[in-house]
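Comments concern the structure below.
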Amino acid sequence: REKRRWVRRLGVAALIGVIAQGLLGGLTVKLMLPLAVSSAHATLAQLFFCTTVALAVFTSRSWTQDRPTVEEQGTISLRYLCAAAAATILVQLVIGATLRHSATWDKPLPTHLLLTHIAGAVAVMVVLGSAAVMVLRRHPGNRFLTRPAAIALGLLGLQLLLGVAAYLTRAASPNDPQPLNPMVAITVAHVAGGALVFATTIVLTLRCFRVLHPRDSVVSSSEFVVQGS
């Protein structure tokens with residue numbers, strides 16, 4: 001039913017991604033959780049999730065209906081700043097997956113990976129926080145942009161708190177006889193929070209590219225849809 005070829009191709013990519021994810025999941029169990037395969041499995045899960053989020057955005061009524069384009073404001077492009085935030089989050093997710101699978105519960109986490117993950121959290125906070133605040137300040141009346149920006153800020157704050165909680169429960173786990181429920185629950189919540197932050201940033205980025213254009217290059221949103229189809 002989808003007339004846009006690139007959307008159909010994205011759907012095929014999602015299908016291929018979930019098949020690859022199943023194969024990696026089988027290898028992870030078959031090979032007894034090797035670090036490289038486990039990290040790839042966790043990273044691909046995030047990518048597949050955000051691919052389905054992008055498909056939902058591209059096929060939604062809010063995307064396909066005609067919208068007036070808005071001229072970019074300020075010297076920093078929101079479109080590219082949001083894209084940089086999404087890329088930073090993806091790198092942080094890869095680092096987090098590598099850290100999570102680098103040691104079992106009865107061993108301490110590698111210090112260098114832990115510090116890298118903390119540095120990545122700071123980078124995400126700065127880049128995504130700056131992008132969301134700029135959206136809220138520059139386009140306060142445009143809910144198409146401000147809603148995902150506000151949600152991203154809220155999720156970012158919650159994710160930072162979950163990260164601290166995950167570290168504290170994980171730091172105490174080597175003294176436990178087995179992985180206990182508090183550590184497992186908080187770690188899972190932290191992983192889910194990372195996925196939600198990534199997904200919301202993807203939505204914000206796509207919407208910025210949908211309605212924002214550089215100065216002196218504003219075209220109608222109907223032209224944008226035709227060009228992308």
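Within each chain, counting starts at residue 1; across the structure tokens, chains are named A, B, ... in the order shown, with ligands numbered 1 upward in that order.
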
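Look at Thr201 of chain A: the protein and nucleic acid residues within 9 Å of it, using only C-alpha atoms and passing over chain neighbours fewer than 2 places away, are Cys82, Ala83, Ala85, Ala86, Ile89, Leu128, Pro148, Ala149, Ala152, Leu196, Val197, Phe198, Ala199, Val203, Leu204, Thr205 and Leu206 of chain A.
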
Pull N, CA, C and O atoms from the residues just selected and write them as a PDB file, in the first residue's frame.
ATOM      1  N   CYS A  82      20.410  18.179  16.282  1.00  0.00           N
ATOM      2  CA  CYS A  82      19.620  17.010  16.684  1.00  0.00           C
ATOM      3  C   CYS A  82      20.198  15.725  16.100  1.00  0.00           C
ATOM      4  O   CYS A  82      20.224  14.679  16.769  1.00  0.00           O
ATOM      5  N   ALA A  83      20.671  15.797  14.853  1.00  0.00           N
ATOM      6  CA  ALA A  83      21.306  14.620  14.249  1.00  0.00           C
ATOM      7  C   ALA A  83      22.572  14.239  15.007  1.00  0.00           C
ATOM      8  O   ALA A  83      22.856  13.048  15.221  1.00  0.00           O
ATOM      9  N   ALA A  85      23.050  14.796  18.159  1.00  0.00           N
ATOM     10  CA  ALA A  85      22.593  14.206  19.420  1.00  0.00           C
ATOM     11  C   ALA A  85      22.229  12.736  19.233  1.00  0.00           C
ATOM     12  O   ALA A  85      22.592  11.883  20.058  1.00  0.00           O
ATOM     13  N   ALA A  86      21.525  12.420  18.137  1.00  0.00           N
ATOM     14  CA  ALA A  86      21.159  11.024  17.870  1.00  0.00           C
ATOM     15  C   ALA A  86      22.401  10.161  17.670  1.00  0.00           C
ATOM     16  O   ALA A  86      22.479   9.027  18.172  1.00  0.00           O
ATOM     17  N   ILE A  89      24.081   9.563  21.019  1.00  0.00           N
ATOM     18  CA  ILE A  89      23.350   8.572  21.807  1.00  0.00           C
ATOM     19  C   ILE A  89      23.638   7.163  21.304  1.00  0.00           C
ATOM     20  O   ILE A  89      23.809   6.228  22.097  1.00  0.00           O
ATOM     21  N   LEU A 128      22.252  16.697  23.564  1.00  0.00           N
ATOM     22  CA  LEU A 128      20.800  16.563  23.507  1.00  0.00           C
ATOM     23  C   LEU A 128      20.119  17.669  24.309  1.00  0.00           C
ATOM     24  O   LEU A 128      19.098  18.222  23.880  1.00  0.00           O
ATOM     25  N   PRO A 148       8.265  16.530  21.297  1.00  0.00           N
ATOM     26  CA  PRO A 148       9.365  15.567  21.453  1.00  0.00           C
ATOM     27  C   PRO A 148      10.568  16.160  22.175  1.00  0.00           C
ATOM     28  O   PRO A 148      11.293  15.439  22.868  1.00  0.00           O
ATOM     29  N   ALA A 149      10.788  17.472  22.042  1.00  0.00           N
ATOM     30  CA  ALA A 149      11.909  18.098  22.747  1.00  0.00           C
ATOM     31  C   ALA A 149      11.700  18.039  24.250  1.00  0.00           C
ATOM     32  O   ALA A 149      12.625  17.709  25.020  1.00  0.00           O
ATOM     33  N   ALA A 152      12.059  14.458  25.439  1.00  0.00           N
ATOM     34  CA  ALA A 152      13.466  14.068  25.436  1.00  0.00           C
ATOM     35  C   ALA A 152      14.183  14.598  26.670  1.00  0.00           C
ATOM     36  O   ALA A 152      14.993  13.889  27.292  1.00  0.00           O
ATOM     37  N   LEU A 196      14.418   4.659  24.899  1.00  0.00           N
ATOM     38  CA  LEU A 196      13.387   5.692  24.780  1.00  0.00           C
ATOM     39  C   LEU A 196      13.993   7.059  24.474  1.00  0.00           C
ATOM     40  O   LEU A 196      13.434   7.835  23.693  1.00  0.00           O
ATOM     41  N   VAL A 197      15.135   7.355  25.102  1.00  0.00           N
ATOM     42  CA  VAL A 197      15.822   8.618  24.792  1.00  0.00           C
ATOM     43  C   VAL A 197      16.240   8.641  23.331  1.00  0.00           C
ATOM     44  O   VAL A 197      16.076   9.652  22.627  1.00  0.00           O
ATOM     45  N   PHE A 198      16.791   7.540  22.849  1.00  0.00           N
ATOM     46  CA  PHE A 198      17.223   7.437  21.461  1.00  0.00           C
ATOM     47  C   PHE A 198      16.028   7.595  20.521  1.00  0.00           C
ATOM     48  O   PHE A 198      16.078   8.343  19.537  1.00  0.00           O
ATOM     49  N   ALA A 199      14.938   6.893  20.820  1.00  0.00           N
ATOM     50  CA  ALA A 199      13.760   6.947  19.963  1.00  0.00           C
ATOM     51  C   ALA A 199      13.176   8.354  19.908  1.00  0.00           C
ATOM     52  O   ALA A 199      12.815   8.853  18.836  1.00  0.00           O
ATOM     53  N   VAL A 203      12.751  10.904  16.671  1.00  0.00           N
ATOM     54  CA  VAL A 203      11.520  11.609  16.296  1.00  0.00           C
ATOM     55  C   VAL A 203      11.779  13.110  16.168  1.00  0.00           C
ATOM     56  O   VAL A 203      11.358  13.751  15.199  1.00  0.00           O
ATOM     57  N   LEU A 204      12.473  13.685  17.155  1.00  0.00           N
ATOM     58  CA  LEU A 204      12.776  15.114  17.128  1.00  0.00           C
ATOM     59  C   LEU A 204      13.619  15.477  15.909  1.00  0.00           C
ATOM     60  O   LEU A 204      13.353  16.481  15.232  1.00  0.00           O
ATOM     61  N   THR A 205      14.611  14.657  15.612  1.00  0.00           N
ATOM     62  CA  THR A 205      15.482  14.920  14.461  1.00  0.00           C
ATOM     63  C   THR A 205      14.698  14.866  13.153  1.00  0.00           C
ATOM     64  O   THR A 205      14.823  15.756  12.296  1.00  0.00           O
ATOM     65  N   LEU A 206      13.893  13.838  12.990  1.00  0.00           N
ATOM     66  CA  LEU A 206      13.110  13.705  11.759  1.00  0.00           C
ATOM     67  C   LEU A 206      12.140  14.871  11.597  1.00  0.00           C
ATOM     68  O   LEU A 206      11.957  15.404  10.492  1.00  0.00           O
TER      69      LEU A 206
END

For His112 of chain A: contacts at 12 Å, only C-alpha atoms, fewer than 3 positions along chain excluded, given as a PyMOL selection string: chain A and resi 95+98-99+102+108-109+115-119

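These are the residues of segment 1-226 of chain A assigned strand (DSSP E) by DSSP from backbone coordinates: Val70, Glu71, Leu212 and His213 of chain A.
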
Taking a cut-off of 9 Å and counting only C-alpha atoms, can you build a table that, for each residue of segment 104-214 of chain A near segment 57-72 of chain A, reports the nearest atom pair and how far apart they are in Å (one decimal), sorted by chain then residue number, as a Markdown table?
| residue | atom | partner | partner_atom | distance |
| --- | --- | --- | --- | --- |
| A:Arg138 | CA | A:Glu72 | CA | 8.9 |
| A:Phe144 | CA | A:Ser62 | CA | 8.3 |
| A:Val203 | CA | A:Val57 | CA | 7.0 |
| A:Leu206 | CA | A:Val57 | CA | 8.1 |
| A:Arg207 | CA | A:Trp63 | CA | 8.0 |
| A:Arg210 | CA | A:Thr69 | CA | 7.7 |
| A:Val211 | CA | A:Thr69 | CA | 4.5 |
| A:Leu212 | CA | A:Val70 | CA | 4.9 |
| A:His213 | CA | A:Glu71 | CA | 5.3 |
| A:Pro214 | CA | A:Glu72 | CA | 5.3 |

Go ahead and dump the residues you just picked, N, CA, C and O atoms, as an mmCIF file, in the first residue's frame.
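Result file follows (again.cif):
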data_model
loop_
_atom_site.group_PDB
_atom_site.id
_atom_site.type_symbol
_atom_site.label_atom_id
_atom_site.label_comp_id
_atom_site.auth_asym_id
_atom_site.auth_seq_id
_atom_site.Cartn_x
_atom_site.Cartn_y
_atom_site.Cartn_z
ATOM 1 N N ARG A 138 13.387 28.520 20.481
ATOM 2 C CA ARG A 138 13.213 29.098 19.147
ATOM 3 C C ARG A 138 11.814 28.895 18.584
ATOM 4 O O ARG A 138 11.333 29.700 17.800
ATOM 5 N N PHE A 144 4.607 20.499 17.206
ATOM 6 C CA PHE A 144 5.194 19.433 16.389
ATOM 7 C C PHE A 144 6.660 19.222 16.759
ATOM 8 O O PHE A 144 7.170 18.095 16.696
ATOM 9 N N VAL A 203 12.751 10.904 16.671
ATOM 10 C CA VAL A 203 11.520 11.609 16.296
ATOM 11 C C VAL A 203 11.779 13.110 16.168
ATOM 12 O O VAL A 203 11.358 13.751 15.199
ATOM 13 N N LEU A 206 13.893 13.838 12.990
ATOM 14 C CA LEU A 206 13.110 13.705 11.759
ATOM 15 C C LEU A 206 12.140 14.871 11.597
ATOM 16 O O LEU A 206 11.957 15.404 10.492
ATOM 17 N N ARG A 207 11.527 15.267 12.681
ATOM 18 C CA ARG A 207 10.577 16.381 12.592
ATOM 19 C C ARG A 207 11.282 17.699 12.287
ATOM 20 O O ARG A 207 10.716 18.546 11.578
ATOM 21 N N ARG A 210 11.849 17.754 8.790
ATOM 22 C CA ARG A 210 10.564 17.848 8.080
ATOM 23 C C ARG A 210 10.116 19.297 7.902
ATOM 24 O O ARG A 210 9.605 19.666 6.842
ATOM 25 N N VAL A 211 10.270 20.121 8.935
ATOM 26 C CA VAL A 211 9.677 21.464 8.875
ATOM 27 C C VAL A 211 10.688 22.602 8.904
ATOM 28 O O VAL A 211 10.312 23.748 8.665
ATOM 29 N N LEU A 212 11.951 22.329 9.213
ATOM 30 C CA LEU A 212 12.934 23.402 9.280
ATOM 31 C C LEU A 212 13.818 23.387 8.034
ATOM 32 O O LEU A 212 14.244 22.313 7.579
ATOM 33 N N HIS A 213 14.104 24.550 7.532
ATOM 34 C CA HIS A 213 14.972 24.677 6.365
ATOM 35 C C HIS A 213 15.918 25.845 6.560
ATOM 36 O O HIS A 213 15.608 26.797 7.282
ATOM 37 N N PRO A 214 17.093 25.784 5.922
ATOM 38 C CA PRO A 214 18.041 26.899 6.060
ATOM 39 C C PRO A 214 17.442 28.207 5.556
ATOM 40 O O PRO A 214 16.494 28.210 4.777
#

Which polymer residues have any atom within 8 Å of an atom of Gln73 of chain A, counting only C-alpha atoms, with same-chain residues fewer than 3 positions away left out, as number ranges by chain? A: 76-77, 138, 215

Dump as a PDB file, in the first residue's frame, selection limited to N, CA and C atoms:
ATOM      1  N   ILE A  76      23.385  28.174  14.859  1.00  0.00           N
ATOM      2  CA  ILE A  76      23.509  26.721  14.951  1.00  0.00           C
ATOM      3  C   ILE A  76      22.261  26.072  14.377  1.00  0.00           C
ATOM      4  N   SER A  77      22.425  25.187  13.415  1.00  0.00           N
ATOM      5  CA  SER A  77      21.303  24.506  12.794  1.00  0.00           C
ATOM      6  C   SER A  77      20.729  23.459  13.732  1.00  0.00           C
ATOM      7  N   ARG A 138      13.387  28.520  20.481  1.00  0.00           N
ATOM      8  CA  ARG A 138      13.213  29.098  19.147  1.00  0.00           C
ATOM      9  C   ARG A 138      11.814  28.895  18.584  1.00  0.00           C
ATOM     10  N   ARG A 215      18.017  29.289   5.996  1.00  0.00           N
ATOM     11  CA  ARG A 215      17.560  30.597   5.533  1.00  0.00           C
ATOM     12  C   ARG A 215      17.689  30.713   4.020  1.00  0.00           C
TER      13      ARG A 215
END

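Those residues that approach Pro177 of chain A to within 10 Å, counting only C-alpha atoms, are Trp105, Asp106 and Ser173 of chain A; same-chain residues fewer than 4 positions away are not listed.
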
For the residues selected in the previous step, produce a file with N, CA and C atoms as an mmCIF file, in the first residue's frame.
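This is the output file out_4.cif:
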data_model
loop_
_atom_site.group_PDB
_atom_site.id
_atom_site.type_symbol
_atom_site.label_atom_id
_atom_site.label_comp_id
_atom_site.auth_asym_id
_atom_site.auth_seq_id
_atom_site.Cartn_x
_atom_site.Cartn_y
_atom_site.Cartn_z
ATOM 1 N N TRP A 105 28.160 -10.537 37.073
ATOM 2 C CA TRP A 105 27.768 -9.789 38.267
ATOM 3 C C TRP A 105 28.773 -9.930 39.411
ATOM 4 N N ASP A 106 29.554 -11.030 39.427
ATOM 5 C CA ASP A 106 30.457 -11.280 40.550
ATOM 6 C C ASP A 106 31.858 -10.694 40.316
ATOM 7 N N SER A 173 27.106 -5.724 43.532
ATOM 8 C CA SER A 173 26.735 -7.075 43.113
ATOM 9 C C SER A 173 27.820 -8.130 43.295
#

Tell me, as a ChimeraX atom specification, which residues lie within 9 Å of Val191 of chain A, counting only C-alpha atoms; anything in the same chain fewer than 6 positions away does not count. /A:93,96-97,159

Among chain A, which residues does DSSP mark as alpha helix (DSSP H) when it is run on the backbone? Keep the chain and numbering as in the structure and answer as a PyMOL selection string. chain A and resi 5-30+35-58+61-64+78-100+111-138+143-172+181-211+221-228

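Proximity of A:His101, A:Ile19, A:Ala131, A:Leu153 to Met32 of chain A, computed with only C-alpha atoms, is greatest for A:His101.
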
I'd like the neighbourhood of Leu156 of chain A as a list in words, where a residue qualifies if any of its atoms comes within 9 Å (using only C-alpha atoms), though same-chain residues fewer than 4 positions away should be ignored. Val124, Met125, Leu128, Gly129, Ile151, Ala152, Leu160, Leu161, Gly193, Gly194 and Val197 of chain A

Would you export the selected residues with C-alpha atoms as a CSV table (one decimal), in the first residue's frame, please?
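Full text of out32.csv as output:
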chain,number,residue,atom,x,y,z
A,124,VAL,CA,24.7,13.2,25.6
A,125,MET,CA,23.5,15.5,28.3
A,128,LEU,CA,20.8,16.6,23.5
A,129,GLY,CA,20.1,19.1,26.3
A,151,ILE,CA,9.8,14.5,26.3
A,152,ALA,CA,13.5,14.1,25.4
A,160,LEU,CA,20.8,10.0,34.3
A,161,LEU,CA,19.2,9.0,37.6
A,193,GLY,CA,15.4,4.4,29.2
A,194,GLY,CA,18.3,4.6,26.8
A,197,VAL,CA,15.8,8.6,24.8

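When only C-alpha atoms are used to compute distances to Cys208 of chain A, the closest of the residues A:Leu81, A:Val94, A:Leu10, A:Val29 turns out to be A:Leu81.
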
What does the distance between atom CA of Ala165 of chain A and atom CA of Ile186 of chain A come to in Å, to one decimal place? 6.9 Å

Rank A:Ala103, A:Ala189, A:Val184, A:Leu145 by their smallest atom-to-atom distance to Leu33 of chain A, using only C-alpha atoms, and report the top residue only. A:Ala103
